[in-house]
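Chemist: Here you go, one structure.
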Amino acid sequence: MATPPSTPHPVANVVLRAWQQAILALDDVRAGQDVVQQTLDDWQMFYDDAIKDTSDPVFQRLLQRNIHRTKFRLAMSHLLPDLLARLIPPRVEPLTPGPLETLQLPADAGPWYELPEGRALLREVLRLLPSSQRQAFWLLSVERLPLRLAARALARSRYGVRKDAARATAMLATILALKDAVAETDERQQVVGQALQALAGWQAELATQAGPALTAPVPGRRKLPRWRLLPLRHPLATRLAGLALLGSLALGGVWLQQWRSASDPAELDVQILSGEVPLGILLDPHFAEASHD
């Protein structure tokens with residue numbers, strides 16, 4: 001088993017939380033480790049060292065971008081086998097319950113968030129959540145980012161991020177209540193606090209698995225000028241500015257086309273009258289009337 005990283009605890013926790021995000025999104029421990037390492041390498045393109053802190057939306061933007069790229073690459077690698085499987089008539093087999101249905105918490109064994117089964121249950125719930133709800137819940141509850149920074153990191157509106165985080169919290173509380181882990185009358189903030197303790201236990205487990213590839217360097221200085229980081233620091237504003245620029249170019253093209261079309265009849269008459277037109281066409285009443293108009 002690989003030795004845990006010998007980095008300061010707060011910075012190491014940043015890397016482990018990023019690894020947790022990648023595992024939940026990809027459902028693959030190895031792929032999640034590769035995503036985090038790629039994110040740290042990308043960060044070094046913008047900073048002298050590696051990671052500053054999780055309150056910087058640039059790190060979250062890089063992490064989410066690498067997660068999406070890895071998901072797309074994995075989907076493309078399984079595209080041909082999936083297509084071939086669809087061509088073969090499926091065999092009728094009895095439905096087997098999923099991990100969320102079969103996982104049961106032992107009775108009178110202590111708080112659910114201290115049990116391995118409780119941590120597995122929480123991971124399964126978070127993994128099955130829609131990606132938008134899981135990201136909003138993670139940034140607001142786990143990373144404890146302000147709503148403004150969380151919305152900026154996800155390139156979404158504050159209302160959408162807050163709504164998705166509330167839905168994820170409600171789903172988490174409902175499933176835990178169905179599994180008799182929490183009471184239905186418990187407040188959602190209390191449920192979130194217990195979930196954070198379960199995630200901390202999972203993080204301690206990952207700390208014993210993290211190899212030297214996930215070592216987190218000390219905070220660094222900005223390497224590139226500030227304007228080069230604007231698309232990552234303010235992704236939503238950058239997209240809106242790009243759409244506004246494209247819209248203005250499109251409107252300018254439409255106006256130029258209309259202006260040219262308005263001057264086309266006069267230019268056409270000049271070309272017709274200055275060119276070699278047969279005498280029969282010039283003496284045609286319809287052509288003469290159209291030219292006069």
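By convention in this document, the chains of the structure tokens carry letters A, B, ... by their order, each chain's residues are numbered from 1, and ligands are numbered from 1 in the order they are shown.
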For region 8-32 of chain A versus region 140-151 of chain A, which residues have an atom no more than 10 Å away, and what is each residue's nearest atom pair and distance in Å rounded to one decimal, using only C-alpha atoms, chain-then-number order, as a Markdown table?

Modeler:
| residue | atom | partner | partner_atom | distance |
| --- | --- | --- | --- | --- |
| A:Val14 | CA | A:Glu143 | CA | 8.8 |
| A:Arg17 | CA | A:Glu143 | CA | 8.2 |
| A:Ala18 | CA | A:Glu143 | CA | 9.7 |

Chemist: Nearest to Arg156 (chain A): which of A:Arg30, A:Arg119, A:Arg61, A:Arg69 is it, counting only C-alpha atoms?

Modeler: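 Checking each candidate against Arg156 (chain A), we get A:Arg61 as the closest.
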
Chemist: Which residues come within 10 Å of Lys179 (chain A), counting only C-alpha atoms, excluding same-chain residues fewer than 6 positions away, as a PyMOL selection string?

Modeler: chain A and resi 100-101+103-105+118+121+173

Chemist: Suppose we keep C-alpha atoms; can you now write the selection as a PDB file, in the first residue's frame?

Modeler:
ATOM      1  CA  LEU A 100     -28.545   1.365  -2.617  1.00  0.00           C
ATOM      2  CA  GLU A 101     -31.380  -1.132  -2.124  1.00  0.00           C
ATOM      3  CA  LEU A 103     -27.168  -1.866   1.675  1.00  0.00           C
ATOM      4  CA  GLN A 104     -28.466  -2.046   5.236  1.00  0.00           C
ATOM      5  CA  LEU A 105     -27.127  -0.380   8.352  1.00  0.00           C
ATOM      6  CA  GLY A 118     -22.902   4.378   6.445  1.00  0.00           C
ATOM      7  CA  LEU A 121     -24.456   4.468   1.715  1.00  0.00           C
ATOM      8  CA  ALA A 173     -32.232  13.378   4.054  1.00  0.00           C
TER       9      ALA A 173
END

Chemist: Using DSSP secondary structure from the backbone, list all helix (DSSP H, G or I) positions within region 60-112 of chain A, as number ranges by chain.

Modeler: A: 60-77, 79-87, 99-102, 112

Chemist: Have a look at CA of Gln203 (chain A) and CA of Gln21 (chain A) and let me know their distance in Å, one decimal.

Modeler: 11.0 Å

Chemist: Using only C-alpha atoms, determine which residues lie at most 12 Å from Trp138 (chain A), disregarding the query and same-chain residues fewer than 6 positions distant; provide the list as a PyMOL selection string.

Modeler: chain A and resi 17-18+20-22+24-25+54+60+126-127+129+131-132+144-147+150+153-154+161-162+164-166+168-169+192+195-196+199

Chemist: Restricting the calculation to only C-alpha atoms, which member of A:Gly247, A:Pro111, A:Pro81, A:Pro57 is positioned closest to Ala198 (chain A)?

Modeler: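 So, comparing all the options, the nearest one is A:Pro111.
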
Chemist: Measure the distance from CA of Val29 (chain A) to CA of Gly110 (chain A) in Å and round it to one decimal.

Modeler: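 Here the two named atoms are 28.0 Å from each other.
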
Chemist: Out of A:Asp41, A:Leu178, A:Asp27, A:Leu83, which residue has the shortest atom-to-atom distance to Leu128 (chain A) when counting only C-alpha atoms?

Modeler: A:Asp27

Chemist: If you count only C-alpha atoms, which residues fall within 12 Å of Val191 (chain A), apart from same-chain ones fewer than 6 positions away, as a list in words?

Modeler: Pro111, Trp112, Tyr113, Leu122, Ser141, Ala168, Thr169, Ala170, Met171, Leu172, Ala173, Thr174, Ile175, Leu176, Ala177, Ala181, Val182, Ala183, Glu184, Thr185, Gln197 and Ala198 of chain A

Chemist: Which polymer residues have any atom within 9 Å of an atom of Leu62 (chain A), counting only C-alpha atoms, with same-chain residues fewer than 2 positions away left out, as an MDAnalysis selection string?

Modeler: chainID A and resid 38:40 42:43 57:60 64:67 232

Chemist: From the options A:Ser248, A:Arg73, A:Thr102, A:Leu84, which residue's atoms come nearest to Ala120 (chain A), counting only C-alpha atoms?

Modeler: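 Closest to Ala120 (chain A) of all the choices is A:Thr102.
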